[in-house]
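See structure below.
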Amino acid sequence: MENYIEEIKETLEKPLIIISHEAGELYDYYRYYKNRKEEAKYLQVVVKYLNGHGFVITAYFVKHI
């Protein structure tokens with residue numbers, strides 16, 4: 001995902017949707033990238049909040065939200 005740093009930033013700044021996890025302070029940020037050649041066009045960025053600060057845990061492309 002090192003080639004997608006700008007897309008990750010964009011997803012965090014302007015997400016299509018944010019979904020919270022039931023346990024913990026975990027949130028999934030999603031953004032749609034229609035120009036990708038691959039089938040998975042939604043970028044999912046998983047963020048954990050701790051003491052008021054957010055940390056990116058992981059990021060990957062998925063087919064569906």
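Chain lettering (A, B, ...) mirrors the order of the structure tokens, residue numbering begins at 1 for each chain separately, and ligand numbering begins at 1 in order of display.
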task = Skip Lys9 in chain A itself and residues of its chain fewer than 2 positions away, then list as a list in words all residues within 12 Å of it, counting only C-alpha atoms.
result =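 In the requested format, the answer is Met1, Glu2, Asn3, Tyr4, Ile5, Glu6, Glu7, Thr11, Leu12, Glu13, Lys14, Pro15, Tyr29, Tyr30, Arg31, Leu43, Gln44, Val45, Val47, Val56 and Ala59 of chain A.
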ask   = Taking the backbone alone, and naming residues the way the document does, which bits of chain A are strand (DSSP E or B) by DSSP, as a ChimeraX atom specification?
value = /A:17-20,26-32,42-50,53-62
query = Separation of CA of His64 in chain A and CA of Lys41 in chain A, in Å?
reply =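 One can read the CA of His64 in chain A to CA of Lys41 in chain A distance as 8.1 Å.
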inquiry  = Just the number, please: distance in Å from CA of Leu50 in chain A to CA of Ile65 in chain A, one decimal.
reply    = 24.5 Å
task = Taking the DSSP assignment computed from this structure's backbone, write out as JSON, numbers by chain all residues of range 2-48 of chain A that belong to helix (DSSP H, G or I).
result = {"A": [2, 3, 4, 5, 6, 7, 8, 9, 10, 11, 12, 13]}
Fewer than 2 positions away in the same chain doesn't count, so skip those; otherwise give me all residues within 8 Å of Glu25 in chain A, counting only C-alpha atoms, as a short mmCIF file (atom, residue, chain, number, x, y, z; two decimals) with N, CA and C atoms, in the first residue's frame.
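What follows is the written file around.cif:
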```cif
data_model
loop_
_atom_site.label_atom_id
_atom_site.label_comp_id
_atom_site.auth_asym_id
_atom_site.auth_seq_id
_atom_site.Cartn_x
_atom_site.Cartn_y
_atom_site.Cartn_z
N SER A 20 -18.17 2.14 12.52
CA SER A 20 -17.48 1.81 13.76
C SER A 20 -17.62 0.33 14.08
N HIS A 21 -16.62 -0.21 14.72
CA HIS A 21 -16.66 -1.59 15.19
C HIS A 21 -17.39 -1.63 16.52
N ALA A 23 -16.60 -3.44 19.16
CA ALA A 23 -15.64 -3.49 20.27
C ALA A 23 -14.49 -2.53 20.00
N TYR A 27 -12.46 2.10 13.72
CA TYR A 27 -13.35 2.65 12.70
C TYR A 27 -12.82 2.29 11.32
N LYS A 48 -7.61 3.16 14.63
CA LYS A 48 -7.85 2.96 16.06
C LYS A 48 -7.61 4.29 16.76
N TYR A 49 -8.54 4.67 17.62
CA TYR A 49 -8.40 5.89 18.41
C TYR A 49 -7.99 5.52 19.83
N LEU A 50 -6.96 6.20 20.32
CA LEU A 50 -6.45 5.96 21.66
C LEU A 50 -6.05 7.31 22.25
#
```
task = Considering only C-alpha atoms, state which residue in the set A:Leu16, A:Phe61, A:Ile8, A:Glu22 is at the smallest distance from Tyr42 in chain A.
result = A:Phe61
